[in-house]
$ cat work26.pdb   # PDB, C-alpha atoms and all ligand atoms
ATOM      1  CA  MET A   1    -100.601 -57.410 -16.408  1.00  0.00           C
ATOM      2  CA  ILE A   2     -99.567 -59.960 -19.014  1.00  0.00           C
ATOM      3  CA  ALA A   3     -95.967 -60.374 -20.185  1.00  0.00           C
ATOM      4  CA  VAL A   4     -95.506 -61.124 -23.880  1.00  0.00           C
ATOM      5  CA  ALA A   5     -92.367 -62.054 -25.828  1.00  0.00           C
ATOM      6  CA  SER A   6     -91.261 -63.820 -28.964  1.00  0.00           C
ATOM      7  CA  ASP A   7     -88.185 -64.619 -30.982  1.00  0.00           C
ATOM      8  CA  HIS A   8     -87.898 -63.650 -34.653  1.00  0.00           C
ATOM      9  CA  GLY A   9     -90.051 -66.641 -35.638  1.00  0.00           C
ATOM     10  CA  GLY A  10     -92.940 -65.342 -33.563  1.00  0.00           C
ATOM     11  CA  LEU A  11     -92.540 -61.622 -34.123  1.00  0.00           C
ATOM     12  CA  GLU A  12     -95.520 -61.051 -36.422  1.00  0.00           C
ATOM     13  CA  LEU A  13     -97.920 -62.952 -34.180  1.00  0.00           C
ATOM     14  CA  LYS A  14     -96.481 -61.339 -31.036  1.00  0.00           C
ATOM     15  CA  ASN A  15     -97.134 -57.881 -32.438  1.00  0.00           C
ATOM     16  CA  ALA A  16    -100.701 -58.905 -33.319  1.00  0.00           C
ATOM     17  CA  VAL A  17    -101.244 -60.299 -29.795  1.00  0.00           C
ATOM     18  CA  VAL A  18     -99.907 -57.127 -28.136  1.00  0.00           C
ATOM     19  CA  GLU A  19    -102.124 -54.966 -30.347  1.00  0.00           C
ATOM     20  CA  SER A  20    -105.165 -57.122 -29.586  1.00  0.00           C
ATOM     21  CA  LEU A  21    -104.569 -57.028 -25.822  1.00  0.00           C
ATOM     22  CA  ARG A  22    -104.100 -53.264 -25.837  1.00  0.00           C
ATOM     23  CA  ASN A  23    -107.252 -52.812 -27.935  1.00  0.00           C
ATOM     24  CA  GLN A  24    -109.102 -54.742 -25.232  1.00  0.00           C
ATOM     25  CA  GLN A  25    -107.576 -52.532 -22.502  1.00  0.00           C
ATOM     26  CA  ILE A  26    -105.687 -55.540 -21.137  1.00  0.00           C
ATOM     27  CA  GLU A  27    -102.371 -54.297 -19.750  1.00  0.00           C
ATOM     28  CA  CYS A  28     -99.362 -56.044 -21.225  1.00  0.00           C
ATOM     29  CA  LYS A  29     -95.610 -55.712 -21.054  1.00  0.00           C
ATOM     30  CA  ASP A  30     -93.795 -56.400 -24.324  1.00  0.00           C
ATOM     31  CA  PHE A  31     -90.408 -58.000 -23.615  1.00  0.00           C
ATOM     32  CA  GLY A  32     -89.470 -58.091 -27.330  1.00  0.00           C
ATOM     33  CA  THR A  33     -88.040 -59.130 -29.650  1.00  0.00           C
ATOM     34  CA  ASP A  34     -88.506 -55.947 -31.626  1.00  0.00           C
ATOM     35  CA  ASP A  35     -87.283 -56.768 -35.126  1.00  0.00           C
ATOM     36  CA  SER A  36     -86.592 -59.709 -37.412  1.00  0.00           C
ATOM     37  CA  THR A  37     -82.954 -60.153 -36.357  1.00  0.00           C
ATOM     38  CA  SER A  38     -82.287 -63.767 -35.363  1.00  0.00           C
ATOM     39  CA  VAL A  39     -82.306 -64.160 -31.569  1.00  0.00           C
ATOM     40  CA  ASP A  40     -82.246 -67.059 -29.085  1.00  0.00           C
ATOM     41  CA  TYR A  41     -85.680 -67.966 -27.748  1.00  0.00           C
ATOM     42  CA  PRO A  42     -84.459 -69.086 -24.259  1.00  0.00           C
ATOM     43  CA  ASP A  43     -83.496 -65.473 -23.484  1.00  0.00           C
ATOM     44  CA  PHE A  44     -87.118 -64.418 -23.956  1.00  0.00           C
ATOM     45  CA  ALA A  45     -88.582 -67.454 -22.218  1.00  0.00           C
ATOM     46  CA  GLU A  46     -86.392 -66.563 -19.231  1.00  0.00           C
ATOM     47  CA  LYS A  47     -87.605 -62.944 -19.095  1.00  0.00           C
ATOM     48  CA  VAL A  48     -91.293 -63.806 -19.254  1.00  0.00           C
ATOM     49  CA  GLY A  49     -90.958 -66.933 -17.096  1.00  0.00           C
ATOM     50  CA  LYS A  50     -89.203 -65.049 -14.311  1.00  0.00           C
ATOM     51  CA  ALA A  51     -91.729 -62.200 -14.465  1.00  0.00           C
ATOM     52  CA  VAL A  52     -94.562 -64.715 -14.041  1.00  0.00           C
ATOM     53  CA  ALA A  53     -92.840 -66.859 -11.413  1.00  0.00           C
ATOM     54  CA  SER A  54     -91.964 -63.807  -9.287  1.00  0.00           C
ATOM     55  CA  GLY A  55     -95.516 -62.465  -9.398  1.00  0.00           C
ATOM     56  CA  GLU A  56     -94.471 -59.313 -11.254  1.00  0.00           C
ATOM     57  CA  VAL A  57     -97.126 -60.202 -13.854  1.00  0.00           C
ATOM     58  CA  LYS A  58    -100.058 -62.573 -13.524  1.00  0.00           C
ATOM     59  CA  ALA A  59     -99.468 -64.512 -16.762  1.00  0.00           C
ATOM     60  CA  GLY A  60     -97.349 -64.670 -19.893  1.00  0.00           C
ATOM     61  CA  ILE A  61     -97.482 -65.395 -23.591  1.00  0.00           C
ATOM     62  CA  LEU A  62     -94.469 -66.754 -25.491  1.00  0.00           C
ATOM     63  CA  ILE A  63     -94.204 -67.244 -29.237  1.00  0.00           C
ATOM     64  CA  CYS A  64     -91.457 -68.795 -31.349  1.00  0.00           C
ATOM     65  CA  GLY A  65     -91.599 -70.502 -34.727  1.00  0.00           C
ATOM     66  CA  THR A  66     -93.144 -73.742 -33.502  1.00  0.00           C
ATOM     67  CA  GLY A  67     -93.708 -72.912 -29.843  1.00  0.00           C
ATOM     68  CA  ILE A  68     -91.650 -75.968 -28.921  1.00  0.00           C
ATOM     69  CA  GLY A  69     -88.453 -74.243 -27.849  1.00  0.00           C
ATOM     70  CA  MET A  70     -90.255 -71.589 -25.821  1.00  0.00           C
ATOM     71  CA  SER A  71     -92.305 -74.213 -23.969  1.00  0.00           C
ATOM     72  CA  ILE A  72     -89.275 -76.386 -23.193  1.00  0.00           C
ATOM     73  CA  ALA A  73     -87.335 -73.371 -21.891  1.00  0.00           C
ATOM     74  CA  ALA A  74     -90.141 -71.762 -19.875  1.00  0.00           C
ATOM     75  CA  ASN A  75     -91.033 -75.031 -18.160  1.00  0.00           C
ATOM     76  CA  LYS A  76     -87.520 -75.192 -16.661  1.00  0.00           C
ATOM     77  CA  ILE A  77     -88.427 -72.277 -14.383  1.00  0.00           C
ATOM     78  CA  PRO A  78     -89.974 -73.376 -11.058  1.00  0.00           C
ATOM     79  CA  GLY A  79     -93.617 -72.365 -10.794  1.00  0.00           C
ATOM     80  CA  ILE A  80     -94.141 -72.134 -14.538  1.00  0.00           C
ATOM     81  CA  ARG A  81     -96.789 -74.184 -16.296  1.00  0.00           C
ATOM     82  CA  ALA A  82     -96.289 -73.260 -19.948  1.00  0.00           C
ATOM     83  CA  ALA A  83     -98.754 -74.828 -22.380  1.00  0.00           C
ATOM     84  CA  LEU A  84     -98.119 -75.056 -26.119  1.00  0.00           C
ATOM     85  CA  VAL A  85    -101.527 -74.952 -27.790  1.00  0.00           C
ATOM     86  CA  HIS A  86    -102.593 -75.332 -31.393  1.00  0.00           C
ATOM     87  CA  ASP A  87    -106.349 -74.893 -31.440  1.00  0.00           C
ATOM     88  CA  GLU A  88    -109.266 -73.585 -29.399  1.00  0.00           C
ATOM     89  CA  PHE A  89    -109.737 -76.854 -27.514  1.00  0.00           C
ATOM     90  CA  THR A  90    -106.156 -77.015 -26.261  1.00  0.00           C
ATOM     91  CA  ALA A  91    -106.220 -73.277 -25.424  1.00  0.00           C
ATOM     92  CA  GLN A  92    -109.343 -73.856 -23.315  1.00  0.00           C
ATOM     93  CA  MET A  93    -107.944 -76.970 -21.615  1.00  0.00           C
ATOM     94  CA  ALA A  94    -104.699 -75.155 -20.832  1.00  0.00           C
ATOM     95  CA  SER A  95    -106.746 -72.935 -18.522  1.00  0.00           C
ATOM     96  CA  GLN A  96    -109.463 -75.289 -17.316  1.00  0.00           C
ATOM     97  CA  HIS A  97    -107.352 -78.358 -16.539  1.00  0.00           C
ATOM     98  CA  ASN A  98    -103.721 -77.229 -16.416  1.00  0.00           C
ATOM     99  CA  ASN A  99    -104.060 -73.700 -15.018  1.00  0.00           C
ATOM    100  CA  ALA A 100    -101.273 -72.745 -17.419  1.00  0.00           C
ATOM    101  CA  ASN A 101     -99.675 -69.469 -16.391  1.00  0.00           C
ATOM    102  CA  ILE A 102     -97.929 -69.116 -19.737  1.00  0.00           C
ATOM    103  CA  LEU A 103     -99.552 -69.706 -23.127  1.00  0.00           C
ATOM    104  CA  VAL A 104     -97.164 -70.728 -25.901  1.00  0.00           C
ATOM    105  CA  LEU A 105     -97.930 -70.372 -29.605  1.00  0.00           C
ATOM    106  CA  GLY A 106     -96.184 -71.279 -32.848  1.00  0.00           C
ATOM    107  CA  GLY A 107     -95.872 -68.192 -35.003  1.00  0.00           C
ATOM    108  CA  ARG A 108     -95.097 -70.251 -38.101  1.00  0.00           C
ATOM    109  CA  LEU A 109     -98.146 -72.466 -37.612  1.00  0.00           C
ATOM    110  CA  LEU A 110    -100.872 -69.918 -36.938  1.00  0.00           C
ATOM    111  CA  SER A 111    -102.110 -66.840 -38.744  1.00  0.00           C
ATOM    112  CA  PRO A 112    -102.185 -63.689 -36.600  1.00  0.00           C
ATOM    113  CA  GLU A 113    -105.985 -64.005 -36.460  1.00  0.00           C
ATOM    114  CA  GLN A 114    -105.817 -67.623 -35.307  1.00  0.00           C
ATOM    115  CA  GLY A 115    -103.193 -66.856 -32.676  1.00  0.00           C
ATOM    116  CA  VAL A 116    -105.102 -63.880 -31.299  1.00  0.00           C
ATOM    117  CA  ARG A 117    -108.210 -66.062 -31.073  1.00  0.00           C
ATOM    118  CA  LEU A 118    -106.335 -68.704 -29.031  1.00  0.00           C
ATOM    119  CA  VAL A 119    -105.123 -66.018 -26.629  1.00  0.00           C
ATOM    120  CA  ASP A 120    -108.715 -64.805 -26.178  1.00  0.00           C
ATOM    121  CA  VAL A 121    -109.963 -68.350 -25.527  1.00  0.00           C
ATOM    122  CA  TRP A 122    -107.226 -68.962 -22.948  1.00  0.00           C
ATOM    123  CA  LEU A 123    -107.854 -65.641 -21.169  1.00  0.00           C
ATOM    124  CA  THR A 124    -111.622 -66.131 -20.991  1.00  0.00           C
ATOM    125  CA  SER A 125    -111.433 -69.723 -19.707  1.00  0.00           C
ATOM    126  CA  SER A 126    -111.102 -70.445 -15.991  1.00  0.00           C
ATOM    127  CA  TYR A 127    -109.234 -73.097 -14.038  1.00  0.00           C
ATOM    128  CA  GLU A 128    -111.669 -75.714 -12.748  1.00  0.00           C
ATOM    129  CA  GLY A 129    -109.653 -76.820  -9.703  1.00  0.00           C
ATOM    130  CA  GLY A 130    -111.110 -79.907  -8.023  1.00  0.00           C
ATOM    131  CA  ARG A 131    -109.532 -83.142  -9.259  1.00  0.00           C
ATOM    132  CA  HIS A 132    -106.931 -81.160 -11.214  1.00  0.00           C
ATOM    133  CA  GLU A 133    -105.443 -79.622  -8.082  1.00  0.00           C
ATOM    134  CA  GLN A 134    -103.697 -82.767  -6.875  1.00  0.00           C
ATOM    135  CA  ARG A 135    -102.224 -83.227 -10.360  1.00  0.00           C
ATOM    136  CA  LEU A 136    -100.764 -79.721 -10.359  1.00  0.00           C
ATOM    137  CA  GLU A 137     -99.374 -80.374  -6.880  1.00  0.00           C
ATOM    138  CA  LYS A 138     -97.680 -83.506  -8.210  1.00  0.00           C
ATOM    139  CA  ILE A 139     -96.185 -81.474 -11.063  1.00  0.00           C
ATOM    140  CA  ALA A 140     -94.878 -78.928  -8.538  1.00  0.00           C
ATOM    141  CA  ARG A 141     -93.231 -81.734  -6.572  1.00  0.00           C
ATOM    142  CA  LEU A 142     -91.238 -82.666  -9.689  1.00  0.00           C
ATOM    143  CA  GLU A 143     -89.493 -79.282  -9.600  1.00  0.00           C
TER     144      GLU A 143
HETATM  145  C1  LIG B 201     -85.921 -70.331 -34.803  1.00  0.00           C
HETATM  146  O1  LIG B 201     -85.469 -70.568 -36.093  1.00  0.00           O
HETATM  147  C2  LIG B 201     -86.769 -71.503 -34.324  1.00  0.00           C
HETATM  148  O2  LIG B 201     -85.955 -72.586 -34.042  1.00  0.00           O
HETATM  149  C3  LIG B 201     -87.583 -71.102 -33.110  1.00  0.00           C
HETATM  150  O3  LIG B 201     -88.403 -70.029 -33.439  1.00  0.00           O
HETATM  151  C4  LIG B 201     -88.498 -72.149 -32.532  1.00  0.00           C
HETATM  152  O4  LIG B 201     -89.309 -72.719 -33.513  1.00  0.00           O
HETATM  153  C5  LIG B 201     -87.846 -73.158 -31.674  1.00  0.00           C
HETATM  154  O5  LIG B 201     -88.484 -74.053 -31.108  1.00  0.00           O
END

$ encode --input "work26.pdb" --output "structure tokens"
Amino acid sequence: MIAVASDHGGLELKNAVVESLRNQQIECKDFGTDDSTSVDYPDFAEKVGKAVASGEVKAGILICGTGIGMSIAANKIPGIRAALVHDEFTAQMASQHNNANILVLGGRLLSPEQGVRLVDVWLTSSYEGGRHEQRLEKIARLE
């Protein structure tokens, strides 16, 4: 199960991501937002971040206008490694090197097709472990 949420700035891409996941029979929980009314992105980062950190879902996707606010907010939650990615390389590295449990996208920077592609790259890449493990442990000790 993947938790997905956006603010108004990420709404169009969030809806495209949810549709893509469901078309691929990947279970997802849509935490909103549901319309273009202006909302505060930390409220949505909190919902998805807590669902991931508690183990209720295995991963999350957060989308705001730039992705910056969502990544700052989600990374305040212990256990969250939220990665803001802009292209296929960073989406792949977010899995392989950082074992990111939340992918963050900028809805005003990416077309729906580009954003959906980055989600697919992230989901089909695997954490490599090894030398990266001690680095993630050091990140956890900063919490
Ligand atoms: C909302 O206008 C915008 O600030 C938000 O979507 C995001 O880009 C914040 O980082």

$ resolve_selection --input "work26.pdb" --expression "the PyMOL selection byres (((chain A and resi 17-33) around 9) and not hetatm)" --output "PyMOL selection string"
chain A and resi 1-8+10-16+34-37+39+44+47-48+57+60-61+112-113+115-116+119-120

$ write_last_selection --input "work26.pdb" --atoms "C-alpha atoms" --output "mmCIF file, keeping the file's coordinate frame"
data_model
loop_
_atom_site.group_PDB
_atom_site.id
_atom_site.type_symbol
_atom_site.label_atom_id
_atom_site.label_comp_id
_atom_site.auth_asym_id
_atom_site.auth_seq_id
_atom_site.Cartn_x
_atom_site.Cartn_y
_atom_site.Cartn_z
ATOM 1 C CA MET A 1 -100.601 -57.410 -16.408
ATOM 2 C CA ILE A 2 -99.567 -59.960 -19.014
ATOM 3 C CA ALA A 3 -95.967 -60.374 -20.185
ATOM 4 C CA VAL A 4 -95.506 -61.124 -23.880
ATOM 5 C CA ALA A 5 -92.367 -62.054 -25.828
ATOM 6 C CA SER A 6 -91.261 -63.820 -28.964
ATOM 7 C CA ASP A 7 -88.185 -64.619 -30.982
ATOM 8 C CA HIS A 8 -87.898 -63.650 -34.653
ATOM 9 C CA GLY A 10 -92.940 -65.342 -33.563
ATOM 10 C CA LEU A 11 -92.540 -61.622 -34.123
ATOM 11 C CA GLU A 12 -95.520 -61.051 -36.422
ATOM 12 C CA LEU A 13 -97.920 -62.952 -34.180
ATOM 13 C CA LYS A 14 -96.481 -61.339 -31.036
ATOM 14 C CA ASN A 15 -97.134 -57.881 -32.438
ATOM 15 C CA ALA A 16 -100.701 -58.905 -33.319
ATOM 16 C CA ASP A 34 -88.506 -55.947 -31.626
ATOM 17 C CA ASP A 35 -87.283 -56.768 -35.126
ATOM 18 C CA SER A 36 -86.592 -59.709 -37.412
ATOM 19 C CA THR A 37 -82.954 -60.153 -36.357
ATOM 20 C CA VAL A 39 -82.306 -64.160 -31.569
ATOM 21 C CA PHE A 44 -87.118 -64.418 -23.956
ATOM 22 C CA LYS A 47 -87.605 -62.944 -19.095
ATOM 23 C CA VAL A 48 -91.293 -63.806 -19.254
ATOM 24 C CA VAL A 57 -97.126 -60.202 -13.854
ATOM 25 C CA GLY A 60 -97.349 -64.670 -19.893
ATOM 26 C CA ILE A 61 -97.482 -65.395 -23.591
ATOM 27 C CA PRO A 112 -102.185 -63.689 -36.600
ATOM 28 C CA GLU A 113 -105.985 -64.005 -36.460
ATOM 29 C CA GLY A 115 -103.193 -66.856 -32.676
ATOM 30 C CA VAL A 116 -105.102 -63.880 -31.299
ATOM 31 C CA VAL A 119 -105.123 -66.018 -26.629
ATOM 32 C CA ASP A 120 -108.715 -64.805 -26.178
#

$ resolve_selection --input "work26.pdb" --expression "the PyMOL selection byres (((not hetatm)) within 9 of (chain B and resi 201))" --output "JSON, numbers by chain"
{"A": [6, 7, 8, 9, 10, 38, 39, 40, 41, 63, 64, 65, 66, 67, 68, 69, 70, 71, 72, 106, 107, 108]}

$ atom_distance --input "work26.pdb" --atom1 "CA of Ala140 (chain A)" --atom2 "CA of Val121 (chain A)"
25.1 Å

$ atom_distance --input "work26.pdb" --atom1 "CA of Glu137 (chain A)" --atom2 "CA of Arg117 (chain A)"
29.5 Å

$ closest_residue --input "work26.pdb" --among "A:Ala53, A:Ala73, A:Leu110, A:Ile139" --to "Glu88 (chain A)" --atoms "all atoms listed in the file"
A:Leu110

$ residues_around --input "work26.pdb" --residues "Gly129 (chain A)" --least-positions-apart "4" --cutoff "12 Å" --atoms "all atoms listed in the file" --output "ChimeraX atom specification"
/A:95-99,133-137
